[in-house]
>>> print(open('query.csv').read())   # CSV, C-alpha atoms
chain,number,residue,atom,x,y,z
A,702,MET,CA,20.9,24.4,57.4
A,703,LYS,CA,18.8,27.1,55.8
A,704,VAL,CA,18.4,30.3,57.7
A,705,ALA,CA,16.0,33.1,56.7
A,706,ALA,CA,15.2,36.5,58.2
A,707,VAL,CA,12.0,38.6,58.5
A,708,ILE,CA,12.6,42.3,58.8
A,709,VAL,CA,9.5,43.9,60.3
A,710,ALA,CA,9.2,47.5,59.0
A,711,ALA,CA,5.5,48.2,58.6
A,712,GLY,CA,5.0,50.6,61.5
A,713,ARG,CA,4.2,54.3,61.4
A,714,GLY,CA,6.7,55.3,64.1
A,715,GLU,CA,4.4,58.0,65.6
A,716,ARG,CA,6.6,58.3,68.7
A,717,ALA,CA,9.5,59.6,66.5
A,718,GLY,CA,7.4,62.5,65.3
A,719,GLN,CA,6.7,63.6,61.7
A,720,SER,CA,9.4,63.9,59.0
A,721,THR,CA,9.5,64.7,55.3
A,722,GLU,CA,11.5,61.5,54.9
A,723,GLY,CA,8.6,59.4,56.2
A,724,PRO,CA,8.3,56.9,59.1
A,725,LYS,CA,11.4,56.4,61.2
A,726,GLN,CA,12.6,53.3,59.2
A,727,TYR,CA,13.1,55.6,56.2
A,728,ARG,CA,14.9,58.5,57.9
A,729,ARG,CA,18.6,58.9,57.2
A,730,ILE,CA,21.4,58.3,59.6
A,731,GLY,CA,24.8,58.9,58.3
A,732,GLY,CA,23.3,59.7,54.9
A,733,GLU,CA,21.5,56.4,54.5
A,734,ALA,CA,18.0,55.2,55.4
A,735,VAL,CA,17.7,53.3,58.7
A,736,LEU,CA,16.1,50.3,57.0
A,737,ALA,CA,18.8,50.1,54.3
A,738,ARG,CA,21.4,49.8,57.1
A,739,THR,CA,19.4,47.1,58.8
A,740,LEU,CA,19.0,45.2,55.5
A,741,ARG,CA,22.7,45.3,54.8
A,742,ALA,CA,23.6,43.7,58.0
A,743,PHE,CA,21.5,40.6,57.1
A,744,LEU,CA,22.6,40.6,53.5
A,745,ASP,CA,26.2,40.6,54.6
A,746,CYS,CA,25.6,37.6,56.9
A,747,PRO,CA,26.8,34.5,55.0
A,748,HIS,CA,24.4,32.2,56.9
A,749,VAL,CA,21.2,34.1,55.9
A,750,ASP,CA,20.0,33.0,52.5
A,751,ARG,CA,16.6,34.5,52.3
A,752,ILE,CA,15.2,37.8,53.6
A,753,VAL,CA,11.6,39.1,53.8
A,754,SER,CA,11.0,42.8,54.3
A,755,VAL,CA,7.5,43.5,55.7
A,756,ILE,CA,6.4,47.0,54.9
A,757,HIS,CA,3.3,49.2,55.2
A,758,PRO,CA,1.0,49.2,52.1
A,759,GLU,CA,1.6,52.9,51.5
A,760,ASP,CA,5.4,52.7,51.7
A,761,ARG,CA,6.4,50.7,48.6
A,762,HIS,CA,7.8,53.7,46.8
A,763,LEU,CA,9.5,54.9,50.0
A,764,TYR,CA,11.0,51.4,50.5
A,765,GLU,CA,12.3,51.2,46.9
A,766,GLN,CA,13.8,54.7,47.0
A,767,ALA,CA,15.4,54.2,50.5
A,768,THR,CA,16.8,50.7,50.0
A,769,GLY,CA,17.6,50.6,46.2
A,770,VAL,CA,19.5,47.4,45.2
A,771,LEU,CA,19.5,46.2,48.8
A,772,GLY,CA,15.8,46.1,49.0
A,773,ALA,CA,15.5,44.5,45.6
A,774,ARG,CA,17.4,41.5,47.1
A,775,ALA,CA,14.7,40.8,49.6
A,776,ILE,CA,11.1,39.5,49.2
A,777,THR,CA,8.7,42.4,49.9
A,778,VAL,CA,5.5,41.7,51.8
A,779,VAL,CA,2.7,44.1,52.9
A,780,GLY,CA,2.2,44.0,56.6
A,781,GLY,CA,-0.9,44.1,58.8
A,782,PRO,CA,-2.3,46.5,61.4
A,783,THR,CA,0.0,45.2,64.2
A,784,ARG,CA,3.6,44.1,64.5
A,785,GLN,CA,2.4,40.6,65.4
A,786,GLU,CA,0.2,40.3,62.3
A,787,SER,CA,3.0,41.8,60.1
A,788,THR,CA,5.4,39.1,61.4
A,789,ARG,CA,2.9,36.4,60.7
A,790,LEU,CA,2.5,37.6,57.1
A,791,GLY,CA,6.3,37.7,56.8
A,792,LEU,CA,6.6,34.1,58.0
A,793,LEU,CA,3.9,33.0,55.6
A,794,ALA,CA,6.0,34.4,52.7
A,795,LEU,CA,8.7,31.9,53.6
A,796,VAL,CA,6.5,28.8,53.5
A,797,THR,CA,7.5,27.9,49.9
A,798,HIS,CA,11.2,28.3,50.9
A,799,GLN,CA,10.8,26.2,54.0
A,800,PRO,CA,13.9,27.4,56.0
A,801,ASP,CA,15.1,25.5,59.0
A,802,TYR,CA,15.3,28.6,61.1
A,803,VAL,CA,14.1,32.2,60.9
A,804,LEU,CA,15.5,35.4,62.5
A,805,ILE,CA,12.8,38.0,63.3
A,806,HIS,CA,14.2,41.5,63.5
A,807,ASP,CA,13.0,45.1,64.0
A,808,GLY,CA,13.7,47.2,61.0
A,809,VAL,CA,14.6,50.1,63.2
A,810,ARG,CA,17.6,48.3,64.9
A,811,PRO,CA,20.2,49.2,62.3
A,812,PHE,CA,23.2,48.6,64.6
A,813,ILE,CA,22.9,44.8,64.7
A,814,ALA,CA,26.5,43.5,64.5
A,815,GLN,CA,27.7,40.4,62.6
A,816,GLU,CA,29.2,39.1,65.9
A,817,LEU,CA,25.8,39.1,67.5
A,818,LEU,CA,24.2,37.5,64.5
A,819,GLN,CA,26.8,34.7,64.6
A,820,ARG,CA,26.3,34.2,68.3
A,821,ILE,CA,22.5,33.8,67.8
A,822,ILE,CA,22.9,31.5,64.7
A,823,HIS,CA,25.4,29.3,66.5
A,824,THR,CA,22.9,28.8,69.4
A,825,LEU,CA,20.1,27.6,67.1
A,826,HIS,CA,18.3,24.4,68.1
A,827,PRO,CA,15.5,22.5,66.4
A,828,ALA,CA,13.3,22.7,69.6
A,829,ILE,CA,14.4,26.0,71.2
A,830,GLY,CA,14.1,29.7,70.3
A,831,VAL,CA,16.9,32.1,70.9
A,832,LEU,CA,16.4,35.5,72.5
A,833,PRO,CA,19.2,38.1,72.6
A,834,ALA,CA,18.8,40.2,75.7
A,835,LEU,CA,20.7,42.4,78.2
A,836,ALA,CA,20.5,41.8,82.0
A,837,VAL,CA,18.7,44.7,83.6
A,838,SER,CA,21.2,46.9,85.4
A,839,ASP,CA,18.9,49.7,86.6
A,840,THR,CA,16.8,49.5,89.8
A,841,LEU,CA,13.2,48.8,88.9
A,842,LYS,CA,10.3,50.6,90.6
A,843,GLN,CA,6.6,50.0,90.4
A,844,ALA,CA,4.4,53.0,90.7
A,845,GLY,CA,0.7,53.3,91.4
A,846,PRO,CA,-2.0,55.3,89.5
A,847,ASP,CA,-0.9,58.4,91.4
A,848,ALA,CA,2.8,58.0,90.2
A,849,HIS,CA,3.9,57.2,93.8
A,850,VAL,CA,6.3,54.3,94.2
A,851,ILE,CA,4.6,51.3,95.7
A,852,ALA,CA,7.4,48.6,95.3
A,853,THR,CA,10.9,47.9,94.3
A,854,ILE,CA,11.2,45.0,91.8
A,855,PRO,CA,14.2,42.7,92.3
A,856,ARG,CA,16.2,42.8,89.1
A,857,ALA,CA,17.9,39.4,89.5
A,858,GLY,CA,17.1,37.2,86.5
A,859,LEU,CA,15.4,40.1,84.6
A,860,TYR,CA,16.4,40.9,81.0
A,861,ALA,CA,15.6,43.5,78.4
A,862,ALA,CA,14.7,41.7,75.1
A,863,GLN,CA,16.3,42.6,71.8
A,864,THR,CA,16.0,41.3,68.2
A,865,PRO,CA,16.6,39.4,66.1
A,866,GLN,CA,14.8,36.6,67.9
A,867,ALA,CA,15.5,33.3,66.3
A,868,PHE,CA,13.4,30.2,66.1
A,869,PRO,CA,13.0,26.9,64.3
A,870,PHE,CA,10.7,27.9,61.4
A,871,ALA,CA,7.9,25.5,61.6
A,872,PRO,CA,7.2,25.8,65.3
A,873,ILE,CA,7.2,29.6,65.4
A,874,LEU,CA,4.9,29.8,62.3
A,875,GLU,CA,2.6,27.3,64.1
A,876,ALA,CA,2.7,29.5,67.2
A,877,HIS,CA,1.8,32.6,65.2
A,878,GLU,CA,-1.0,30.8,63.4
A,879,ALA,CA,-2.4,29.5,66.7
A,880,ALA,CA,-2.4,33.0,68.2
A,881,TYR,CA,-4.1,34.3,65.1
A,882,ARG,CA,-6.8,31.6,65.3
A,883,ALA,CA,-7.3,32.3,69.0
A,884,GLY,CA,-7.8,36.0,68.3
A,885,ARG,CA,-4.8,37.0,70.3
A,886,SER,CA,-3.0,40.1,69.2
A,887,ASP,CA,-1.6,41.4,72.4
A,888,PHE,CA,1.8,39.8,72.4
A,889,THR,CA,4.7,42.3,72.6
A,890,ASP,CA,7.3,40.2,70.9
A,891,ASP,CA,7.8,36.8,69.2
A,892,ALA,CA,9.4,35.2,72.2
A,893,ALA,CA,6.1,35.8,74.1
A,894,ILE,CA,4.1,34.0,71.4
A,895,ALA,CA,6.6,31.1,71.6
A,896,GLU,CA,6.3,30.9,75.4
A,897,TRP,CA,2.5,31.0,75.1
A,898,HIS,CA,2.6,28.1,72.6
A,899,GLY,CA,5.0,26.0,74.6
A,900,LEU,CA,8.2,26.6,72.6
A,901,ALA,CA,11.2,27.0,74.9
A,902,VAL,CA,13.3,30.1,74.5
A,903,ARG,CA,16.9,30.5,75.6
A,904,VAL,CA,18.5,33.8,76.4
A,905,VAL,CA,21.9,34.7,74.9
A,906,GLU,CA,23.9,37.9,75.6
A,907,GLY,CA,22.7,40.8,73.4
A,908,SER,CA,24.6,44.0,72.7
A,909,ALA,CA,24.3,47.5,74.1
A,910,ASP,CA,24.9,48.8,70.6
A,911,ASN,CA,21.9,46.9,69.2
A,912,THR,CA,19.5,49.8,70.1
A,913,LYS,CA,16.0,50.3,68.8
A,914,LEU,CA,15.3,53.8,67.3
A,915,THR,CA,12.1,54.8,68.9
A,916,TRP,CA,12.1,58.5,69.5
A,917,ALA,CA,13.3,61.5,67.4
A,918,LYS,CA,16.2,61.9,69.8
A,919,ASP,CA,17.3,58.3,69.1
A,920,ILE,CA,17.5,59.1,65.4
A,921,GLU,CA,19.4,62.3,66.0
A,922,MET,CA,21.9,60.5,68.2
A,923,ALA,CA,22.3,57.8,65.7
A,924,ASP,CA,23.1,60.3,63.0
A,925,LYS,CA,25.6,62.0,65.2
A,926,ARG,CA,27.2,58.6,65.9
A,927,PHE,CA,28.0,58.2,62.2
A,928,ALA,CA,29.2,61.8,61.9
A,929,GLN,CA,31.6,61.2,64.8
A,930,ALA,CA,32.8,57.9,63.3
A,931,SER,CA,33.7,59.8,60.1
A,932,GLY,CA,36.1,62.0,62.1
A,933,GLY,CA,34.5,65.1,60.6
A,934,PHE,CA,36.3,64.7,57.3
A,935,PRO,CA,34.0,63.4,54.6
A,936,ASP,CA,35.6,61.4,51.9
A,937,ILE,CA,33.9,62.7,48.7
A,938,ARG,CA,35.0,61.1,45.4
A,939,THR,CA,34.1,61.8,41.8
A,940,GLY,CA,34.4,59.3,39.0
A,941,ASN,CA,34.2,59.8,35.2
A,942,GLY,CA,33.2,57.4,32.5
A,943,TYR,CA,33.1,57.5,28.7
A,944,ASP,CA,31.8,55.1,26.2
A,945,VAL,CA,30.8,54.9,22.5
A,946,HIS,CA,29.0,52.4,20.4
A,947,ALA,CA,28.4,52.3,16.6
A,948,PHE,CA,25.1,51.8,14.9
A,949,GLU,CA,24.1,48.6,13.1
A,950,PRO,CA,20.8,47.4,11.5
A,951,GLY,CA,17.9,47.2,14.0
A,952,ASP,CA,14.7,48.8,15.2
A,953,TYR,CA,15.5,50.4,18.6
A,954,VAL,CA,18.3,51.6,20.8
A,955,THR,CA,18.6,51.2,24.6
A,956,LEU,CA,19.7,54.3,26.4
A,957,CYS,CA,19.9,54.7,30.2
A,958,GLY,CA,17.7,51.6,30.6
A,959,VAL,CA,15.0,52.7,28.2
A,960,LYS,CA,14.2,51.3,24.8
A,961,ILE,CA,13.7,53.9,22.1
A,962,PRO,CA,12.2,53.0,18.7
A,963,TYR,CA,14.7,53.9,16.0
A,964,ALA,CA,15.8,52.8,12.5
A,965,LEU,CA,19.1,51.4,13.9
A,966,LYS,CA,20.4,49.8,17.0
A,967,LEU,CA,23.7,50.1,18.8
A,968,SER,CA,26.3,47.4,18.4
A,969,GLY,CA,28.5,46.2,21.3
A,970,HIS,CA,28.8,44.7,24.7
A,971,SER,CA,25.5,43.4,26.2
A,972,ASP,CA,22.6,45.6,25.0
A,973,ALA,CA,25.1,48.3,24.1
A,974,ASP,CA,23.5,50.9,26.5
A,975,VAL,CA,26.2,53.5,26.1
A,976,GLY,CA,24.9,55.6,28.9
A,977,LEU,CA,24.8,52.9,31.5
A,978,HIS,CA,28.3,51.6,30.4
A,979,ALA,CA,29.7,55.1,31.0
A,980,LEU,CA,28.0,55.3,34.4
A,981,THR,CA,29.2,51.9,35.5
A,982,ASP,CA,32.8,53.1,34.8
A,983,ALA,CA,32.2,56.3,36.7
A,984,LEU,CA,30.9,54.5,39.8
A,985,LEU,CA,33.7,51.9,39.7
A,986,ALA,CA,36.2,54.8,39.5
A,987,THR,CA,35.2,56.1,42.9
A,988,ARG,CA,36.5,52.9,44.4
A,989,GLY,CA,39.5,52.5,42.1
A,990,ALA,CA,37.9,49.2,41.0
A,991,GLY,CA,38.9,49.2,37.3
A,992,ASP,CA,36.3,49.5,34.5
A,993,ILE,CA,33.4,47.6,33.1
A,994,GLY,CA,35.6,45.4,31.0
A,995,THR,CA,37.5,44.3,34.1
A,996,HIS,CA,34.4,42.8,35.7
A,997,PHE,CA,32.3,41.9,32.6
A,998,PRO,CA,34.7,41.1,29.7
A,999,PRO,CA,33.1,41.6,26.3
A,1000,SER,CA,34.7,38.3,25.2
A,1001,ASP,CA,32.5,36.4,27.8
A,1002,PRO,CA,29.4,35.1,25.9
A,1003,GLN,CA,27.2,35.2,29.0
A,1004,TRP,CA,27.0,39.0,28.6
A,1005,LYS,CA,25.8,38.9,25.0
A,1006,GLY,CA,22.5,40.9,24.9
A,1007,ALA,CA,22.4,41.2,28.7
A,1008,PRO,CA,20.6,44.3,30.2
A,1009,SER,CA,23.3,46.8,31.2
A,1010,ARG,CA,21.4,47.6,34.5
A,1011,ILE,CA,23.2,44.5,35.7
A,1012,PHE,CA,26.5,46.3,35.4
A,1013,VAL,CA,25.2,49.4,37.1
A,1014,GLU,CA,23.7,47.5,40.0
A,1015,TYR,CA,27.0,45.6,40.4
A,1016,ALA,CA,28.9,48.8,40.6
A,1017,VAL,CA,26.4,50.2,43.1
A,1018,LYS,CA,26.9,47.1,45.2
A,1019,ILE,CA,30.7,47.7,45.3
A,1020,VAL,CA,30.0,51.3,46.4
A,1021,ARG,CA,27.5,50.4,49.1
A,1022,GLU,CA,29.7,47.6,50.5
A,1023,ALA,CA,32.3,50.3,51.1
A,1024,GLY,CA,29.8,52.4,53.0
A,1025,GLY,CA,29.4,54.8,50.0
A,1026,ARG,CA,26.4,57.0,49.4
A,1027,ILE,CA,25.7,58.1,45.9
A,1028,ALA,CA,25.3,61.9,45.9
A,1029,ASN,CA,24.4,62.3,42.3
A,1030,ALA,CA,24.9,60.9,38.8
A,1031,ASP,CA,25.2,63.0,35.6
A,1032,ILE,CA,25.0,61.5,32.1
A,1033,THR,CA,25.5,63.4,28.8
A,1034,LEU,CA,24.4,61.5,25.7
A,1035,ILE,CA,26.0,62.8,22.5
A,1036,CYS,CA,24.1,61.9,19.3
A,1037,GLU,CA,22.4,63.5,16.3
A,1038,ALA,CA,19.4,61.1,16.7
A,1039,PRO,CA,17.2,59.7,18.2
A,1040,LYS,CA,15.6,62.5,20.2
A,1041,ILE,CA,16.2,62.1,23.9
A,1042,GLY,CA,13.8,64.7,25.4
A,1043,PRO,CA,10.7,62.6,25.2
A,1044,TYR,CA,12.3,59.7,27.1
A,1045,ARG,CA,14.3,61.7,29.7
A,1046,GLU,CA,11.7,61.2,32.5
A,1047,ALA,CA,11.6,57.5,32.0
A,1048,MET,CA,15.4,57.4,32.0
A,1049,THR,CA,15.6,59.3,35.2
A,1050,ALA,CA,13.1,57.0,36.9
A,1051,ALA,CA,15.1,53.9,35.7
A,1052,LEU,CA,18.3,55.3,37.0
A,1053,SER,CA,16.8,56.4,40.3
A,1054,GLU,CA,15.7,52.8,40.9
A,1055,MET,CA,19.1,51.4,39.9
A,1056,LEU,CA,21.1,53.7,42.0
A,1057,GLY,CA,18.7,53.9,45.0
A,1058,VAL,CA,18.6,57.7,45.0
A,1059,ALA,CA,16.0,60.3,44.6
A,1060,PRO,CA,15.2,61.5,41.0
A,1061,ASP,CA,16.6,64.9,41.7
A,1062,ARG,CA,20.0,63.3,42.2
A,1063,VAL,CA,20.0,62.1,38.6
A,1064,SER,CA,20.8,64.3,35.6
A,1065,ILE,CA,20.4,63.2,32.0
A,1066,LYS,CA,21.4,65.6,29.2
A,1067,ALA,CA,21.7,65.3,25.5
A,1068,THR,CA,23.6,67.2,22.9
A,1069,THR,CA,24.6,66.9,19.2
A,1070,ASN,CA,28.1,66.9,17.9
A,1071,GLU,CA,27.3,69.7,15.4
A,1072,LYS,CA,27.6,67.3,12.5
A,1073,LEU,CA,31.3,66.7,13.2
A,1074,GLY,CA,33.0,63.4,13.5
A,1075,PHE,CA,31.5,59.9,13.6
A,1076,VAL,CA,28.7,61.1,15.9
A,1077,GLY,CA,28.0,64.0,13.6
A,1078,ARG,CA,27.7,61.7,10.7
A,1079,GLY,CA,25.2,59.6,12.5
A,1080,GLU,CA,27.4,56.5,12.8
A,1081,GLY,CA,27.0,56.0,16.6
A,1082,ILE,CA,26.4,57.4,20.0
A,1083,ALA,CA,28.8,58.5,22.7
A,1084,ALA,CA,28.2,59.1,26.4
A,1085,ILE,CA,30.0,60.9,29.3
A,1086,ALA,CA,29.1,60.1,32.9
A,1087,THR,CA,30.1,61.6,36.2
A,1088,ALA,CA,29.3,60.1,39.6
A,1089,SER,CA,29.9,61.7,43.0
A,1090,VAL,CA,30.0,59.3,46.0
A,1091,ILE,CA,30.4,60.1,49.7
A,1092,TYR,CA,32.3,57.5,51.7
A,1093,PRO,CA,32.8,57.3,55.4
A,1094,GLY,CA,35.6,59.8,56.4
A,1095,GLU,CA,38.9,58.9,57.9
A,1096,VAL,CA,39.6,59.6,61.5
A,1097,PRO,CA,42.4,62.2,61.7
A,1098,GLU,CA,45.7,61.0,63.1
>>> encode(input="query.csv", output="structure tokens")
Amino acid sequence: MKVAAVIVAAGRGERAGQSTEGPKQYRRIGGEAVLARTLRAFLDCPHVDRIVSVIHPEDRHLYEQATGVLGARAITVVGGPTRQESTRLGLLALVTHQPDYVLIHDGVRPFIAQELLQRIIHTLHPAIGVLPALAVSDTLKQAGPDAHVIATIPRAGLYAAQTPQAFPFAPILEAHEAAYRAGRSDFTDDAAIAEWHGLAVRVVEGSADNTKLTWAKDIEMADKRFAQASGGFPDIRTGNGYDVHAFEPGDYVTLCGVKIPYALKLSGHSDADVGLHALTDALLATRGAGDIGTHFPPSDPQWKGAPSRIFVEYAVKIVREAGGRIANADITLICEAPKIGPYREAMTAALSEMLGVAPDRVSIKATTNEKLGFVGRGEGIAAIATASVIYPGEVPE
């Protein structure tokens, strides 16, 4: 069966207060954006084969910067004025894919565990929705307009709903479309729309860890949770990479992901982007994961002429899967020509996108070899790269 996911992240998050990082889904917990952590959980689930991220129209740059290569693996859709409308638009983006089932999840629930995802997916049924929920344990009181208690509500059979809420795709899309045609925009979750439209919904046990980050205090506590998990000892690693390629006849060179007009081109592996090759080795070094040739042998014809950003994004994936956060990347290009200065800004933007980090965490420098050696004779270009990555710390014994 085909299972897709819609991650709803188009809200403004006013209740969490203002932040220079943007709405709460883009704030960092444990050094990584909330939404990036949420996306990773679904990307890591082997049963989910398509993901839609629904974002606010003003947040595209924030989304790309916060999620990097993770966000690039999802379909990005602009949401509507309400969560309900954003979800409908996310579902419509899956029509051509036609999944059998869809999981609808809040982008600000980053602690969704694989065990809960598996429990939900294993409960899927062609005619029934699945709602993860926790039985209410607190005594419930009803208060009047004057804040005086007027009743105690029996809690037997009452549950606090969570996400992801899962449904057969066609019926939940039909329910959303029916609500849209009826002018209804007051449903508080997707299970409520399903109930209104006559689609049965079954409750499965949720998780106390699967909390929704609503208030500023929630985000602060989530950040502390990751700090405590690290044991207070950050694992900071630095990797180095070096590469060199000779010139051959051509009309441009590719450096740090940018094509530069020139009388020659570089010869070698893929597009021979010496800067990105050195950076790939530096990133792999922080995981002790070999070098670029280990993962992409130059003898393999499929890599002939391939863009080297593929290699960088692969190395970033290895880093991210280990919980690593790229702190900075520094590349020095060593050549007599072409001039690098006019292209530095474009190179920085390209690397920022590949690495999923802010531009101020990327440094690109150029120097000559003072006419010495093969570089000084204009026979090729060399590059040195350094990458620093922060991994989850180890708990002290």
>>> atom_distance(input="query.csv", atom1="atom CA of Leu1034 of chain A", atom2="atom CA of Ala1067 of chain A")
4.7 Å
>>> closest_residue(input="query.csv", among="A:Lys913, A:Arg751, A:His978, A:Arg882", to="Val1013 of chain A", atoms="all atoms listed in the file")
A:His978
>>> atom_distance(input="query.csv", atom1="atom CA of Glu1022 of chain A", atom2="atom CA of Ala775 of chain A")
16.5 Å
>>> residues_around(input="query.csv", residues="Ala979 of chain A", least_positions_apart="5", cutoff="12 Å", atoms="only C-alpha atoms", output="ChimeraX atom specification")
/A:940-946,956-957,973-974,984-986,992-994,1009-1010,1012-1013,1016,1030-1034,1082-1088
>>> atom_distance(input="query.csv", atom1="atom CA of Ala773 of chain A", atom2="atom CA of Ser968 of chain A")
29.4 Å
>>> closest_residue(input="query.csv", among="A:Val779, A:Glu921, A:Ala711, A:Phe870", to="Thr797 of chain A", atoms="all atoms listed in the file")
A:Phe870
>>> closest_residue(input="query.csv", among="A:Gly907, A:Pro800, A:Gly772, A:Pro1039", to="Leu744 of chain A", atoms="only C-alpha atoms")
A:Gly772
>>> residues_near_point(input="query.csv", point="(-4.7, 31.4, 69.6)", cutoff="12 Å", atoms="only C-alpha atoms", output="VMD selection string")
chain A and resid 875 to 888 894 to 895 897 to 898
>>> closest_residue(input="query.csv", among="A:Ala923, A:Ile813, A:Ala1038, A:Ile854", to="Val1076 of chain A", atoms="only C-alpha atoms")
A:Ala1038
>>> residues_around(input="query.csv", residues="Gln766 of chain A", least_positions_apart="6", cutoff="7 Å", atoms="all atoms listed in the file", output="list in words")
Glu1054, Gly1057, Val1058 and Ala1059 of chain A
>>> closest_residue(input="query.csv", among="A:Ile1041, A:Ala1007, A:Ala834, A:Cys1036", to="Thr912 of chain A", atoms="only C-alpha atoms")
A:Ala834
>>> residues_around(input="query.csv", residues="Pro747 of chain A", least_positions_apart="6", cutoff="12 Å", atoms="only C-alpha atoms", output="list in words")
Met702, Lys703, Val704, Ala705, Arg741, Gln815, Leu818, Gln819 and Ile822 of chain A
>>> residues_around(input="query.csv", residues="Ala1028 of chain A", least_positions_apart="5", cutoff="7 Å", atoms="only C-alpha atoms", output="ChimeraX atom specification")
/A:1062,1089-1091
>>> write_last_selection(input="query.csv", atoms="C-alpha atoms", output="PDB file, in the coordinates of the input")
ATOM      1  CA  ARG A1062      20.000  63.300  42.200  1.00  0.00           C
ATOM      2  CA  SER A1089      29.900  61.700  43.000  1.00  0.00           C
ATOM      3  CA  VAL A1090      30.000  59.300  46.000  1.00  0.00           C
ATOM      4  CA  ILE A1091      30.400  60.100  49.700  1.00  0.00           C
TER       5      ILE A1091
END
>>> residues_around(input="query.csv", residues="Trp1004 of chain A", least_positions_apart="4", cutoff="8 Å", atoms="only C-alpha atoms", output="ChimeraX atom specification")
/A:970-971,997,999
>>> closest_residue(input="query.csv", among="A:Leu967, A:Val1063, A:Val975, A:Ala1050", to="Glu1080 of chain A", atoms="all atoms listed in the file")
A:Leu967
>>> decode(input="query.csv", residues="segment 904-915 of chain A", atoms="N, CA, C and O atoms", output="PDB file, in the first residue's frame")
ATOM      1  N   VAL A 904      -9.760   5.065  17.741  1.00  0.00           N
ATOM      2  CA  VAL A 904      -8.715   5.591  18.614  1.00  0.00           C
ATOM      3  C   VAL A 904      -7.648   4.521  18.859  1.00  0.00           C
ATOM      4  O   VAL A 904      -7.977   3.361  19.119  1.00  0.00           O
ATOM      5  N   VAL A 905      -6.378   4.929  18.738  1.00  0.00           N
ATOM      6  CA  VAL A 905      -5.262   4.081  19.158  1.00  0.00           C
ATOM      7  C   VAL A 905      -4.460   4.854  20.203  1.00  0.00           C
ATOM      8  O   VAL A 905      -4.528   6.087  20.264  1.00  0.00           O
ATOM      9  N   GLU A 906      -3.730   4.142  21.011  1.00  0.00           N
ATOM     10  CA  GLU A 906      -2.969   4.791  22.078  1.00  0.00           C
ATOM     11  C   GLU A 906      -1.908   5.718  21.507  1.00  0.00           C
ATOM     12  O   GLU A 906      -1.095   5.326  20.662  1.00  0.00           O
ATOM     13  N   GLY A 907      -1.935   6.967  21.961  1.00  0.00           N
ATOM     14  CA  GLY A 907      -0.925   7.931  21.535  1.00  0.00           C
ATOM     15  C   GLY A 907       0.315   7.832  22.403  1.00  0.00           C
ATOM     16  O   GLY A 907       0.609   6.784  22.978  1.00  0.00           O
ATOM     17  N   SER A 908       1.040   8.932  22.507  1.00  0.00           N
ATOM     18  CA  SER A 908       2.267   8.948  23.297  1.00  0.00           C
ATOM     19  C   SER A 908       2.367  10.254  24.057  1.00  0.00           C
ATOM     20  O   SER A 908       2.136  11.335  23.492  1.00  0.00           O
ATOM     21  N   ALA A 909       2.734  10.169  25.325  1.00  0.00           N
ATOM     22  CA  ALA A 909       2.901  11.377  26.129  1.00  0.00           C
ATOM     23  C   ALA A 909       4.046  12.240  25.601  1.00  0.00           C
ATOM     24  O   ALA A 909       4.086  13.450  25.841  1.00  0.00           O
ATOM     25  N   ASP A 910       4.990  11.628  24.898  1.00  0.00           N
ATOM     26  CA  ASP A 910       6.107  12.389  24.343  1.00  0.00           C
ATOM     27  C   ASP A 910       5.710  13.185  23.102  1.00  0.00           C
ATOM     28  O   ASP A 910       6.412  14.120  22.707  1.00  0.00           O
ATOM     29  N   ASN A 911       4.611  12.800  22.468  1.00  0.00           N
ATOM     30  CA  ASN A 911       4.203  13.403  21.201  1.00  0.00           C
ATOM     31  C   ASN A 911       3.489  14.731  21.451  1.00  0.00           C
ATOM     32  O   ASN A 911       2.330  14.936  21.074  1.00  0.00           O
ATOM     33  N   THR A 912       4.174  15.645  22.096  1.00  0.00           N
ATOM     34  CA  THR A 912       3.566  16.910  22.501  1.00  0.00           C
ATOM     35  C   THR A 912       3.587  17.930  21.363  1.00  0.00           C
ATOM     36  O   THR A 912       4.468  17.907  20.498  1.00  0.00           O
ATOM     37  N   LYS A 913       2.625  18.834  21.406  1.00  0.00           N
ATOM     38  CA  LYS A 913       2.559  19.930  20.456  1.00  0.00           C
ATOM     39  C   LYS A 913       3.175  21.170  21.093  1.00  0.00           C
ATOM     40  O   LYS A 913       2.826  21.539  22.220  1.00  0.00           O
ATOM     41  N   LEU A 914       4.101  21.805  20.385  1.00  0.00           N
ATOM     42  CA  LEU A 914       4.764  22.995  20.900  1.00  0.00           C
ATOM     43  C   LEU A 914       3.882  24.207  20.596  1.00  0.00           C
ATOM     44  O   LEU A 914       3.769  24.636  19.447  1.00  0.00           O
ATOM     45  N   THR A 915       3.247  24.734  21.636  1.00  0.00           N
ATOM     46  CA  THR A 915       2.285  25.818  21.465  1.00  0.00           C
ATOM     47  C   THR A 915       2.795  27.137  22.036  1.00  0.00           C
ATOM     48  O   THR A 915       2.699  28.177  21.392  1.00  0.00           O
TER      49      THR A 915
END
